[in-house]
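Student: So I've got this file, run_5.tsv, and it contains TSV, C-alpha atoms:
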chain	number	residue	atom	x	y	z
A	1	MET	CA	-1.64	-5.12	5.73
A	2	THR	CA	-1.33	-2.34	3.20
A	3	TYR	CA	1.44	0.17	3.94
A	4	PHE	CA	1.07	3.59	2.28
A	5	VAL	CA	4.64	4.88	2.08
A	6	SER	CA	6.24	8.29	1.61
A	7	LEU	CA	9.92	9.11	1.23
A	8	GLY	CA	10.73	11.01	4.43
A	9	TYR	CA	11.65	9.09	7.59
A	10	THR	CA	11.19	5.78	5.80
A	11	ASN	CA	13.58	2.89	6.37
A	12	TYR	CA	13.57	1.23	2.95
A	13	SER	CA	14.94	-2.09	4.18
A	14	LEU	CA	11.81	-2.49	6.31
A	15	ILE	CA	9.64	-1.83	3.26
A	16	THR	CA	11.47	-4.65	1.47
A	17	ASP	CA	11.03	-6.94	4.49
A	18	TRP	CA	7.30	-6.18	4.77
A	19	TYR	CA	6.80	-6.86	1.06
A	20	ALA	CA	8.73	-10.15	1.26
A	21	GLU	CA	6.46	-11.16	4.16
A	22	GLY	CA	3.41	-10.81	1.90
A	23	ASN	CA	2.21	-7.31	2.80
A	24	GLU	CA	1.16	-4.79	0.18
A	25	ILE	CA	3.19	-1.62	-0.43
A	26	ALA	CA	1.35	1.42	-1.81
A	27	ASP	CA	2.08	5.02	-2.80
A	28	HIS	CA	1.64	8.01	-0.45
A	29	THR	CA	3.67	10.59	-2.50
A	30	MET	CA	7.33	11.44	-2.02
A	31	THR	CA	7.06	14.40	0.36
A	32	HIS	CA	3.62	13.82	1.91
A	33	MET	CA	2.05	16.44	-0.35
A	34	GLY	CA	-1.71	17.00	-0.49
A	35	SER	CA	-3.30	17.48	-3.93
A	36	PRO	CA	-0.04	16.07	-5.29
A	37	THR	CA	1.59	16.75	-8.61
A	38	PRO	CA	2.26	13.85	-11.00
A	39	GLU	CA	5.95	14.08	-10.08
A	40	GLU	CA	5.09	13.51	-6.39
A	41	VAL	CA	3.05	10.41	-7.21
A	42	ASN	CA	5.24	8.90	-9.91
A	43	GLY	CA	8.57	9.78	-8.32
A	44	ASN	CA	7.55	7.78	-5.28
A	45	LEU	CA	6.88	4.72	-7.45
A	46	ILE	CA	10.39	5.03	-8.86
A	47	ALA	CA	11.91	5.41	-5.37
A	48	LEU	CA	9.98	2.41	-4.01
A	49	ASN	CA	11.14	0.31	-6.93
A	50	SER	CA	14.79	1.39	-6.82
A	51	LEU	CA	15.37	1.69	-3.04
A	52	ALA	CA	12.99	-0.98	-1.68
A	53	GLY	CA	12.97	-3.39	-4.61
A	54	ILE	CA	9.19	-3.41	-4.99
A	55	PRO	CA	8.16	-4.56	-8.49
A	56	LEU	CA	6.33	-1.89	-10.44
A	57	SER	CA	3.48	-4.33	-11.07
A	58	ALA	CA	3.03	-4.76	-7.30
A	59	LEU	CA	2.58	-1.02	-6.67
A	60	LYS	CA	-1.15	-0.84	-7.28
A	61	GLY	CA	-2.63	1.56	-4.74
A	62	PHE	CA	-2.52	5.19	-3.63
A	63	ARG	CA	-3.72	7.26	-0.70
A	64	ALA	CA	-3.47	11.06	-0.74
A	65	PRO	CA	-1.64	12.61	2.24
A	66	LEU	CA	-4.10	14.30	4.58
A	67	LEU	CA	-6.76	12.70	2.33
A	68	ASP	CA	-6.35	15.85	0.24
A	69	PHE	CA	-7.08	14.94	-3.39
A	70	ASN	CA	-8.95	16.33	-6.37
A	71	ALA	CA	-10.05	15.23	-9.82
A	72	ASP	CA	-6.56	15.82	-11.22
A	73	THR	CA	-5.11	13.47	-8.60
A	74	LEU	CA	-7.39	10.69	-9.79
A	75	LYS	CA	-6.53	11.42	-13.42
A	76	THR	CA	-2.83	11.13	-12.57
A	77	LEU	CA	-3.45	7.72	-11.01
A	78	HIS	CA	-5.33	6.58	-14.09
A	79	ASP	CA	-2.60	7.83	-16.43
A	80	SER	CA	0.07	6.09	-14.34
A	81	LYS	CA	-1.73	2.72	-14.43
A	82	PHE	CA	-2.69	2.44	-10.77
A	83	LEU	CA	-5.32	-0.14	-9.94
A	84	TYR	CA	-6.98	1.81	-7.12
A	85	ASP	CA	-7.21	4.91	-4.98
A	86	SER	CA	-8.20	4.86	-1.31
A	87	SER	CA	-8.47	8.54	-0.40
A	88	ALA	CA	-12.23	9.08	-0.38
A	89	THR	CA	-14.14	8.73	2.89
A	90	ALA	CA	-17.40	7.01	3.72
A	91	SER	CA	-18.93	9.13	6.48
A	92	ILE	CA	-22.56	7.97	6.68
A	93	PRO	CA	-23.35	4.80	8.69
A	94	VAL	CA	-24.33	1.66	6.81
A	95	THR	CA	-27.60	1.63	8.74
A	96	ASP	CA	-28.61	4.93	7.14
A	97	PRO	CA	-30.58	4.50	3.87
A	98	ASN	CA	-28.36	7.24	2.35
A	99	THR	CA	-25.08	5.56	3.34
A	100	ASP	CA	-22.01	6.25	1.24
A	101	ALA	CA	-20.26	3.12	2.56
A	102	TYR	CA	-20.24	1.48	-0.85
A	103	TRP	CA	-18.43	-1.67	-1.77
A	104	PRO	CA	-15.27	-0.83	-3.76
A	105	TYR	CA	-16.27	0.41	-7.22
A	106	THR	CA	-14.69	1.60	-10.44
A	107	LEU	CA	-14.65	5.18	-11.67
A	108	ASP	CA	-16.10	4.19	-15.03
A	109	ASN	CA	-19.01	6.48	-14.10
A	110	GLY	CA	-17.23	8.86	-11.75
A	111	LEU	CA	-16.60	9.08	-8.02
A	112	ALA	CA	-19.46	8.63	-5.55
A	113	ASN	CA	-17.77	9.76	-2.31
A	114	ASN	CA	-16.61	13.17	-0.99
A	115	CYS	CA	-19.18	14.87	-3.22
A	116	LEU	CA	-19.66	17.88	-0.94
A	117	THR	CA	-16.01	18.56	-0.16
A	118	THR	CA	-13.87	17.74	-3.20
A	119	PRO	CA	-14.20	19.86	-6.36
A	120	GLY	CA	-14.51	18.22	-9.75
A	121	VAL	CA	-15.83	14.87	-8.53
A	122	CYS	CA	-19.25	13.15	-8.46
A	123	ARG	CA	-22.20	13.66	-10.81
A	124	GLY	CA	-20.48	11.28	-13.21
A	125	GLU	CA	-17.00	12.80	-12.97
A	126	PRO	CA	-14.22	12.05	-13.42
A	127	LYS	CA	-14.80	9.08	-15.73
A	128	LEU	CA	-11.67	6.93	-15.39
A	129	PRO	CA	-12.39	3.41	-16.65
A	130	GLY	CA	-10.68	0.66	-14.71
A	131	LEU	CA	-9.52	2.78	-11.76
A	132	TRP	CA	-11.07	1.51	-8.52
A	133	GLU	CA	-11.99	3.42	-5.39
A	134	ILE	CA	-11.79	1.68	-1.99
A	135	PRO	CA	-13.58	4.11	0.33
A	136	MET	CA	-12.16	4.64	3.81
A	137	TYR	CA	-14.93	3.40	6.08
A	138	ALA	CA	-15.52	5.38	9.26
A	139	PHE	CA	-16.47	3.97	12.66
A	140	PHE	CA	-19.38	5.68	14.44
A	141	ASP	CA	-19.94	6.17	18.16
A	142	GLN	CA	-23.33	6.51	19.89
A	143	ARG	CA	-23.97	9.84	18.12
A	144	GLY	CA	-24.25	8.08	14.77
A	145	VAL	CA	-23.59	10.29	11.75
A	146	ARG	CA	-22.48	13.09	14.10
A	147	GLY	CA	-19.80	10.87	15.67
A	148	PRO	CA	-17.52	9.51	12.90
A	149	HIS	CA	-13.98	8.29	13.62
A	150	LEU	CA	-11.53	7.55	10.79
A	151	MET	CA	-7.74	7.78	11.11
A	152	ASP	CA	-6.25	6.61	14.45
A	153	PRO	CA	-9.72	6.40	16.07
A	154	TRP	CA	-8.24	5.58	19.51
A	155	LEU	CA	-6.93	9.17	19.68
A	156	ASP	CA	-10.49	10.55	19.55
A	157	SER	CA	-12.91	11.20	22.35
A	158	ALA	CA	-16.11	9.20	21.91
A	159	ASN	CA	-19.76	10.07	22.54
A	160	GLY	CA	-19.02	13.72	23.26
A	161	ALA	CA	-16.66	12.96	26.15
A	162	SER	CA	-13.74	15.23	26.99
A	163	SER	CA	-10.98	12.60	26.64
A	164	PRO	CA	-10.37	9.31	24.80
A	165	SER	CA	-11.49	6.04	26.37
A	166	ASN	CA	-10.23	2.66	25.20
A	167	ALA	CA	-13.43	1.02	26.45
A	168	ALA	CA	-15.65	3.44	24.51
A	169	THR	CA	-13.48	3.08	21.40
A	170	LEU	CA	-13.67	-0.71	21.51
A	171	ALA	CA	-17.46	-0.54	21.96
A	172	TYR	CA	-18.10	1.67	18.93
A	173	MET	CA	-15.62	-0.25	16.76
A	174	GLN	CA	-17.44	-3.49	17.58
A	175	SER	CA	-20.84	-1.87	17.04
A	176	THR	CA	-19.90	-0.45	13.62
A	177	PHE	CA	-18.32	-3.71	12.56
A	178	THR	CA	-21.50	-5.55	13.55
A	179	ASP	CA	-23.60	-3.15	11.45
A	180	HIS	CA	-21.40	-3.96	8.42
A	181	TYR	CA	-21.43	-7.68	9.19
A	182	ASN	CA	-25.21	-7.94	9.64
A	183	GLY	CA	-25.96	-5.76	6.62
A	184	ASN	CA	-24.44	-5.82	3.13
A	185	ARG	CA	-21.04	-6.80	4.54
A	186	GLN	CA	-19.16	-3.86	3.12
A	187	PRO	CA	-15.49	-4.08	4.12
A	188	ILE	CA	-14.28	-2.04	7.05
A	189	GLY	CA	-10.80	-0.66	7.58
A	190	LEU	CA	-8.56	-0.01	10.54
A	191	TYR	CA	-6.38	2.97	9.59
A	192	THR	CA	-3.42	4.17	11.63
A	193	HIS	CA	-0.08	5.92	11.53
A	194	PRO	CA	2.75	3.82	12.97
A	195	ILE	CA	3.75	6.52	15.42
A	196	HIS	CA	0.48	5.96	17.29
A	197	VAL	CA	0.86	2.20	17.79
A	198	SER	CA	4.62	1.82	18.35
A	199	ARG	CA	6.10	1.39	21.82
A	200	THR	CA	9.61	2.11	20.51
A	201	TYR	CA	9.14	5.37	18.58
A	202	PRO	CA	11.60	7.97	20.02
A	203	GLY	CA	9.94	10.63	22.13
A	204	VAL	CA	6.43	9.17	21.80
A	205	THR	CA	4.46	7.45	24.54
A	206	VAL	CA	1.86	4.90	23.47
A	207	SER	CA	-0.34	3.20	26.04
A	208	GLN	CA	-0.04	-0.57	26.16
A	209	ASP	CA	-3.72	-0.57	27.10
A	210	THR	CA	-4.52	0.99	23.73
A	211	ILE	CA	-2.50	-1.62	21.87
A	212	ASP	CA	-4.20	-4.36	23.89
A	213	MET	CA	-7.59	-2.86	23.01
A	214	ILE	CA	-6.78	-2.92	19.27
A	215	ASN	CA	-5.70	-6.54	19.53
A	216	ARG	CA	-8.87	-7.42	21.43
A	217	PHE	CA	-10.90	-5.92	18.59
A	218	LEU	CA	-8.99	-7.91	15.96
A	219	ASP	CA	-9.34	-11.14	17.94
A	220	TRP	CA	-13.05	-10.47	18.48
A	221	ALA	CA	-13.66	-9.78	14.77
A	222	GLN	CA	-11.91	-12.98	13.70
A	223	GLU	CA	-14.21	-15.02	15.92
A	224	ARG	CA	-17.07	-14.18	13.51
A	225	ASP	CA	-17.63	-16.64	10.64
A	226	ASN	CA	-16.13	-15.72	7.26
A	227	VAL	CA	-14.09	-12.73	8.44
A	228	TRP	CA	-10.70	-12.22	6.85
A	229	ILE	CA	-7.93	-9.73	7.59
A	230	VAL	CA	-6.68	-8.74	4.15
A	231	SER	CA	-4.74	-6.09	2.28
A	232	ASN	CA	-6.44	-3.77	-0.20
A	233	GLU	CA	-4.88	-5.79	-3.01
A	234	GLN	CA	-6.42	-9.01	-1.71
A	235	LEU	CA	-9.77	-7.30	-1.17
A	236	LEU	CA	-9.92	-6.15	-4.80
A	237	ASP	CA	-8.72	-9.52	-6.08
A	238	TRP	CA	-11.79	-11.10	-4.45
A	239	VAL	CA	-14.19	-8.31	-5.44
A	240	ARG	CA	-13.11	-8.64	-9.08
A	241	ASN	CA	-13.17	-12.47	-9.03
A	242	PRO	CA	-15.50	-13.57	-6.22
A	243	VAL	CA	-15.34	-17.21	-5.13
A	244	PRO	CA	-16.79	-19.12	-2.18
A	245	ALA	CA	-14.68	-19.17	0.98
A	246	SER	CA	-13.75	-22.79	0.27
A	247	GLN	CA	-11.99	-21.66	-2.93
A	248	LEU	CA	-10.11	-18.60	-1.68
A	249	ASN	CA	-6.77	-20.31	-2.26
A	250	THR	CA	-7.50	-20.28	-6.00
A	251	ILE	CA	-6.90	-16.51	-5.91
A	252	PRO	CA	-3.09	-16.14	-6.15
A	253	SER	CA	-2.79	-13.35	-3.57
A	254	PHE	CA	-4.67	-15.46	-1.00
A	255	ALA	CA	-2.32	-18.42	-1.48
A	256	CYS	CA	0.51	-16.47	0.24
A	257	PRO	CA	3.40	-18.23	-1.54
A	258	ARG	CA	6.73	-18.30	0.28
A	259	PRO	CA	10.17	-18.13	-1.35
A	260	THR	CA	12.16	-21.36	-1.30
A	261	ILE	CA	15.60	-19.92	-0.55
A	262	ASP	CA	17.80	-21.73	1.95
A	263	ALA	CA	18.15	-19.73	5.17
A	264	SER	CA	21.94	-20.11	5.01
A	265	VAL	CA	22.23	-18.30	1.67
A	266	LYS	CA	23.56	-14.76	2.09
A	267	VAL	CA	21.57	-12.47	-0.17
A	268	CYS	CA	20.00	-9.04	0.43
A	269	ASN	CA	16.43	-9.97	-0.45
A	270	GLY	CA	14.06	-8.76	2.27
A	271	VAL	CA	14.23	-11.99	4.25
A	272	PRO	CA	15.95	-11.21	7.59
A	273	GLN	CA	17.95	-14.43	7.95
A	274	ASN	CA	19.30	-14.11	4.39
A	275	GLU	CA	20.11	-10.39	4.40
A	276	ALA	CA	21.71	-10.08	7.87
A	277	GLY	CA	24.92	-8.04	7.62
A	278	LEU	CA	24.34	-7.03	3.99
A	279	LEU	CA	22.27	-3.86	4.34
A	280	ALA	CA	23.76	-0.57	3.17
A	281	ARG	CA	23.32	2.43	5.48
A	282	CYS	CA	22.48	5.72	3.78
A	283	GLY	CA	23.54	8.46	6.18
A	284	PHE	CA	21.36	11.40	5.19
A	285	SER	CA	21.05	13.87	8.05
A	286	ASP	CA	17.25	14.19	8.09
A	287	PHE	CA	16.42	10.50	7.75
A	288	PRO	CA	19.20	7.92	7.54
A	289	PHE	CA	17.92	4.61	6.24
A	290	PHE	CA	19.05	1.13	5.22
A	291	THR	CA	18.58	-0.49	1.83
A	292	CYS	CA	19.61	-3.59	-0.09
A	293	TYR	CA	19.92	-1.62	-3.32
A	294	GLY	CA	22.69	0.93	-2.91
A	295	CYS	CA	22.64	4.42	-1.43
A	296	PRO	CA	21.94	7.40	-3.68
A	297	THR	CA	24.49	10.21	-3.56
A	298	THR	CA	21.73	12.75	-2.89
A	299	VAL	CA	18.26	12.56	-1.36
A	300	PRO	CA	15.73	11.57	-4.04
A	301	THR	CA	13.28	14.32	-4.95
A	302	PRO	CA	10.17	14.46	-7.12
A	303	GLN	CA	12.31	16.14	-9.80
A	304	ASN	CA	15.11	13.56	-9.46
A	305	PRO	CA	13.74	10.34	-7.95
A	306	LEU	CA	16.62	8.20	-9.22
A	307	PRO	CA	19.95	9.81	-8.21
A	308	ALA	CA	23.23	8.15	-9.05
A	309	GLN	CA	24.61	5.73	-6.47
A	310	ASP	CA	27.66	6.16	-4.29
A	311	PRO	CA	30.42	4.86	-6.62
A	312	ASN	CA	32.07	3.10	-3.67
A	313	GLN	CA	28.99	0.96	-3.02
A	314	VAL	CA	27.24	0.24	-6.30
A	315	ARG	CA	24.45	-2.32	-6.22
A	316	HIS	CA	22.10	-3.47	-8.94
A	317	ARG	CA	18.43	-2.53	-8.67
A	318	LEU	CA	15.61	-5.02	-9.13
A	319	PRO	CA	15.28	-5.93	-12.83
A	320	ALA	CA	12.08	-6.79	-14.64
A	321	THR	CA	12.97	-10.48	-14.84
A	322	CYS	CA	13.41	-11.47	-11.19
A	323	SER	CA	11.20	-11.20	-8.11
A	324	THR	CA	12.40	-9.41	-4.99
A	325	GLU	CA	13.05	-12.50	-2.85
A	326	TYR	CA	15.29	-14.11	-5.51
A	327	TRP	CA	17.27	-11.05	-6.63
A	328	ASP	CA	20.88	-10.65	-5.48
A	329	PRO	CA	21.65	-6.92	-5.83
A	330	ILE	CA	25.28	-7.40	-4.82
A	331	GLY	CA	26.07	-10.34	-7.10
A	332	ASN	CA	23.85	-8.95	-9.89
A	333	GLN	CA	22.13	-12.30	-10.40
A	334	CYS	CA	18.75	-13.97	-10.07
A	335	LEU	CA	18.63	-17.00	-7.78
A	336	CYS	CA	15.51	-18.31	-9.48
A	337	ASN	CA	16.32	-21.04	-11.97
A	338	SER	CA	13.00	-22.83	-12.40
A	339	ALA	CA	9.58	-22.11	-13.85
A	340	SER	CA	8.03	-22.21	-10.38
A	341	CYS	CA	9.61	-18.89	-9.40
A	342	ALA	CA	9.85	-17.24	-12.81
A	343	PHE	CA	8.83	-13.57	-12.88
A	344	GLN	CA	8.22	-10.79	-15.36
A	345	ASP	CA	7.58	-7.25	-14.16
A	346	SER	CA	5.90	-4.55	-16.20
A	347	SER	CA	6.96	-1.03	-17.14
A	348	ARG	CA	4.88	2.00	-16.12
A	349	PRO	CA	4.33	5.35	-17.89
A	350	ILE	CA	5.67	7.21	-14.84
A	351	GLY	CA	8.76	8.96	-16.13
A	352	PRO	CA	8.89	12.63	-17.13
A	353	ASN	CA	6.47	13.37	-19.97
A	354	GLY	CA	4.97	9.93	-19.42
A	355	PHE	CA	7.79	7.81	-20.77
A	356	ASN	CA	7.86	4.17	-19.71
A	357	PHE	CA	10.01	3.38	-16.69
A	358	THR	CA	11.41	-0.13	-16.20
A	359	GLY	CA	13.39	-1.18	-13.14
A	360	GLY	CA	16.95	-2.41	-13.13
A	361	GLY	CA	20.45	-1.11	-13.67
A	362	ILE	CA	22.35	0.91	-11.08
A	363	GLY	CA	20.42	4.17	-11.08
A	364	GLY	CA	21.41	7.63	-12.14
A	365	ASP	CA	19.48	10.45	-13.77
A	366	LEU	CA	16.50	9.40	-15.84
A	367	PRO	CA	17.44	9.44	-19.55
A	368	GLY	CA	17.05	12.76	-21.29
A	369	VAL	CA	16.02	14.50	-18.06
A	370	ASP	CA	17.43	17.65	-16.51
A	371	SER	CA	17.62	16.60	-12.83
A	372	SER	CA	17.19	20.22	-11.72
A	373	THR	CA	13.84	20.62	-13.48
A	374	GLY	CA	12.59	17.07	-14.01
A	375	THR	CA	11.87	17.80	-17.70
A	376	GLY	CA	13.23	16.28	-20.83
A	377	ASP	CA	12.65	14.12	-23.86
A	378	ASN	CA	10.72	10.89	-23.92
A	379	GLY	CA	12.86	7.83	-23.41
A	380	SER	CA	13.12	4.57	-21.56
A	381	VAL	CA	15.27	3.18	-18.79
A	382	PRO	CA	17.34	0.21	-19.96
A	383	THR	CA	17.20	-3.02	-18.01
A	384	ASP	CA	20.00	-5.46	-17.23
A	385	ASP	CA	20.01	-7.90	-20.12
A	386	THR	CA	22.56	-10.44	-18.95
A	387	LEU	CA	20.67	-11.98	-16.05
A	388	PRO	CA	20.35	-15.73	-15.43
A	389	GLY	CA	16.93	-17.17	-14.69
A	390	ARG	CA	14.92	-15.40	-17.38
A	391	ASN	CA	12.13	-17.96	-17.45
A	392	GLY	CA	9.25	-15.81	-18.60
A	393	ALA	CA	6.14	-14.76	-16.78
A	394	ASN	CA	4.34	-16.63	-14.04
A	395	SER	CA	1.29	-18.53	-15.12
A	396	VAL	CA	-1.64	-18.50	-12.68
A	397	ALA	CA	-4.86	-20.45	-12.73
A	398	GLU	CA	-8.02	-18.50	-13.47
A	399	PRO	CA	-10.07	-18.48	-10.27
A	400	PHE	CA	-13.52	-20.04	-10.38
A	401	LEU	CA	-16.17	-17.35	-10.60
A	402	GLY	CA	-18.62	-18.62	-8.02
A	403	SER	CA	-21.11	-17.07	-5.67
A	404	GLY	CA	-20.51	-16.20	-2.07
A	405	LEU	CA	-20.38	-13.19	0.22
A	406	LEU	CA	-17.56	-12.69	2.67
A	407	ALA	CA	-17.14	-10.12	5.40
A	408	PHE	CA	-13.74	-8.49	5.05
A	409	LEU	CA	-11.84	-6.66	7.74
A	410	VAL	CA	-9.19	-4.60	5.97
A	411	ALA	CA	-6.89	-4.21	8.92
A	412	ALA	CA	-4.10	-1.81	9.78
A	413	LEU	CA	-3.80	0.15	6.53
A	414	LEU	CA	-0.88	2.32	7.49
A	415	SER	CA	-0.06	5.73	6.12
A	416	MET	CA	3.63	6.19	6.72
A	417	ILE	CA	4.53	9.62	8.10
Using C-alpha cells, write down the structure from this file.
Tutor:
Amino acid sequence: MTYFVSLGYTNYSLITDWYAEGNEIADHTMTHMGSPTPEEVNGNLIALNSLAGIPLSALKGFRAPLLDFNADTLKTLHDSKFLYDSSATASIPVTDPNTDAYWPYTLDNGLANNCLTTPGVCRGEPKLPGLWEIPMYAFFDQRGVRGPHLMDPWLDSANGASSPSNAATLAYMQSTFTDHYNGNRQPIGLYTHPIHVSRTYPGVTVSQDTIDMINRFLDWAQERDNVWIVSNEQLLDWVRNPVPASQLNTIPSFACPRPTIDASVKVCNGVPQNEAGLLARCGFSDFPFFTCYGCPTTVPTPQNPLPAQDPNQVRHRLPATCSTEYWDPIGNQCLCNSASCAFQDSSRPIGPNGFNFTGGGIGGDLPGVDSSTGTGDNGSVPTDDTLPGRNGANSVAEPFLGSGLLAFLVAALLSMI
C-alpha cells in the first residue's frame, strides 16, 4: 500500500512499522491543508524522517488534502525533489474516446488532468521535467460519466439510489476494473481513509459486510492473469523500467527484501518483535502518539517541524548512513555491518529558503531558523559522523528493459486523516 500521512492524529510508531513491512509512506502535508504552502509540504517530510524514521530518499510521493492543489503546489513538489504527485483525478471512463484515465506521465509538457477545475494547469503548463503524475482513477456505476466514485466509494449511493449498497458497489468496481483490464490496462486505485475501514476506530461504526465486500473485490481481481497489488512507488518503478512479468524480481522494489535481524535483539526499528517495550509515548493532549525516535518538547508545526527533544528521553534520529530496520536510536548505532545491508540516504532541499536537510542527530531548531517564523539563513543539518557500519551505498542491478504489459491494481492508497 501507499499511506499518505499528515501530522495530526498520526501514531508515528505505526508509520515506522508499515514502512518496515515494505509499504510506501508519502506526504499529505502537516496540518491537512489544501493548496498547501511549501512549509506544509516540506515540514511534513522533516517530521516523517525525524519521528517515523523514514529515509528522505524513500519519501517520493504527495497527495494534496481534499485533492485541493494548484500549479504552485506542483512547483513546490518539483523544487523539493519529489518523484510524483497523485492529486489529479481521472473522471472520464476508459471506454470513452476522450478518457482522461492516462497511464502515469511526467509533467515535462504540463498536466493533462483537472483542466477545467484547477487554475494554472494544462495547455502545456506547468512544465516540471521529471515530476510524475499518477492520476486517481475513478470507478463508474451504470450512469457512466455521470456516476463517478473516487474516495471511499463504498460510502456513495450507486446508480441514482437513495442509499449505499455493497452489492451495487462491488458490481461497478468489478465492471470498471474489467474495462481497464480489457482495454489499455491503465492502473486502477482503491482509495480510502482508515476511519472508513477500521472496526476499532473509537466512536465509528463500520459494517463488516462492507469490509467483506472490499476483500471480495481484491480476491476477485487477483484471480485475473497478470494482476498485481502494488504501491505507487512500485507502479512507477515498473512504468519507468518495464520488464516482462517473469522478470519482476529484477526491479528492487518488487523483490521485497526483509531485514536479517534476530527476533531476540531488542532494538526500536519498526519490527514489532524487536521494538516491544521500547517505544516512547508522546503525551500531547490532541493526539498522543508513540515513536522510536524521541518525543519533541512541543508539537511540530510547519514553522518548526523539528522541535528539541525532551532532555530526559533523548534518542538519536535516523542518520543518512543506516536504514530504518538496522538503526538503534537508543544505542546510537547501526546494526548493519556488511555490504548486503549498507545504505546511504540523500539530502533534500526542504529546509527554510531551500537549504539541504539531512537526517540524523537529536533534533532541535533547524540551523539559522527563527522557530516562531520559520525564516532564516541557508544552512545544513549536521549528521552523526561516528556511526559504525558506514559501508557506502547499496548497489542494485539494472533491470532488463523488456516488453510486456501488466494490469496493475494500486490498492488501498490511504490518505491519513
Student: Could you check the closest approach to Gly363 in chain A for each of A:Ile46, A:Leu7, A:Met136, A:Val197 and tell me which residue wins, using only C-alpha atoms?
Tutor: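 Nearest to Gly363 in chain A: A:Ile46.
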Student: Nearest residue to Asp328 in chain A out of A:Pro272, A:Lys60, A:Gly53, A:Asn312, using all atoms listed in the file?
Tutor: A:Gly53
Student: Which one of A:Ala112, A:Cys282, A:Ala64, A:Ala168 sits closest to Thr10 in chain A if you count only C-alpha atoms?
Tutor: A:Cys282
Student: Find the residue from A:Thr297, A:Cys336, A:Glu325, A:Leu190 that sits nearest to Asn215 in chain A; use all atoms listed in the file when measuring.
Tutor: A:Leu190
Student: Please return the centre and edge lengths, in Å to one decimal, of a box with edges along x, y and z that contains all listed atoms of range 358-363 of chain A, widened by 6 Å on every side, as lines of an AutoDock Vina configuration file.
Tutor:
center_x = 16.9
center_y = 0.9
center_z = -13.6
size_x = 22.9
size_y = 18.6
size_z = 17.1
Student: Do you have, as JSON lines, the list of residues of range 69-171 of chain A lying at most 12 Å from range 229-241 of chain A, each with its nearest atom pair and that distance in Å to one decimal, counting all atoms listed in the file and ordered by chain then number?
Tutor:
{"residue": "A:Phe82", "atom": "CA", "partner": "A:Glu233", "partner_atom": "CA", "distance": 11.5}
{"residue": "A:Leu83", "atom": "CA", "partner": "A:Glu233", "partner_atom": "CA", "distance": 9.0}
{"residue": "A:Tyr84", "atom": "CA", "partner": "A:Leu236", "partner_atom": "CA", "distance": 8.8}
{"residue": "A:Asp85", "atom": "CA", "partner": "A:Asn232", "partner_atom": "CA", "distance": 9.9}
{"residue": "A:Ser86", "atom": "CA", "partner": "A:Asn232", "partner_atom": "CA", "distance": 8.9}
{"residue": "A:Trp103", "atom": "CA", "partner": "A:Val239", "partner_atom": "CA", "distance": 8.7}
{"residue": "A:Pro104", "atom": "CA", "partner": "A:Leu236", "partner_atom": "CA", "distance": 7.6}
{"residue": "A:Tyr105", "atom": "CA", "partner": "A:Val239", "partner_atom": "CA", "distance": 9.1}
{"residue": "A:Thr106", "atom": "CA", "partner": "A:Arg240", "partner_atom": "CA", "distance": 10.5}
{"residue": "A:Gly130", "atom": "CA", "partner": "A:Arg240", "partner_atom": "CA", "distance": 11.1}
{"residue": "A:Leu131", "atom": "CA", "partner": "A:Leu236", "partner_atom": "CA", "distance": 11.3}
{"residue": "A:Trp132", "atom": "CA", "partner": "A:Leu236", "partner_atom": "CA", "distance": 8.6}
{"residue": "A:Glu133", "atom": "CA", "partner": "A:Leu236", "partner_atom": "CA", "distance": 9.8}
{"residue": "A:Ile134", "atom": "CA", "partner": "A:Asn232", "partner_atom": "CA", "distance": 7.8}
{"residue": "A:Pro135", "atom": "CA", "partner": "A:Asn232", "partner_atom": "CA", "distance": 10.6}
{"residue": "A:Met136", "atom": "CA", "partner": "A:Asn232", "partner_atom": "CA", "distance": 10.9}
Student: Rank nothing, just name the residue among A:Pro36, A:Gly8, A:Pro202, A:Pro302 nearest to Ala71 in chain A, using only C-alpha atoms.
Tutor: A:Pro36
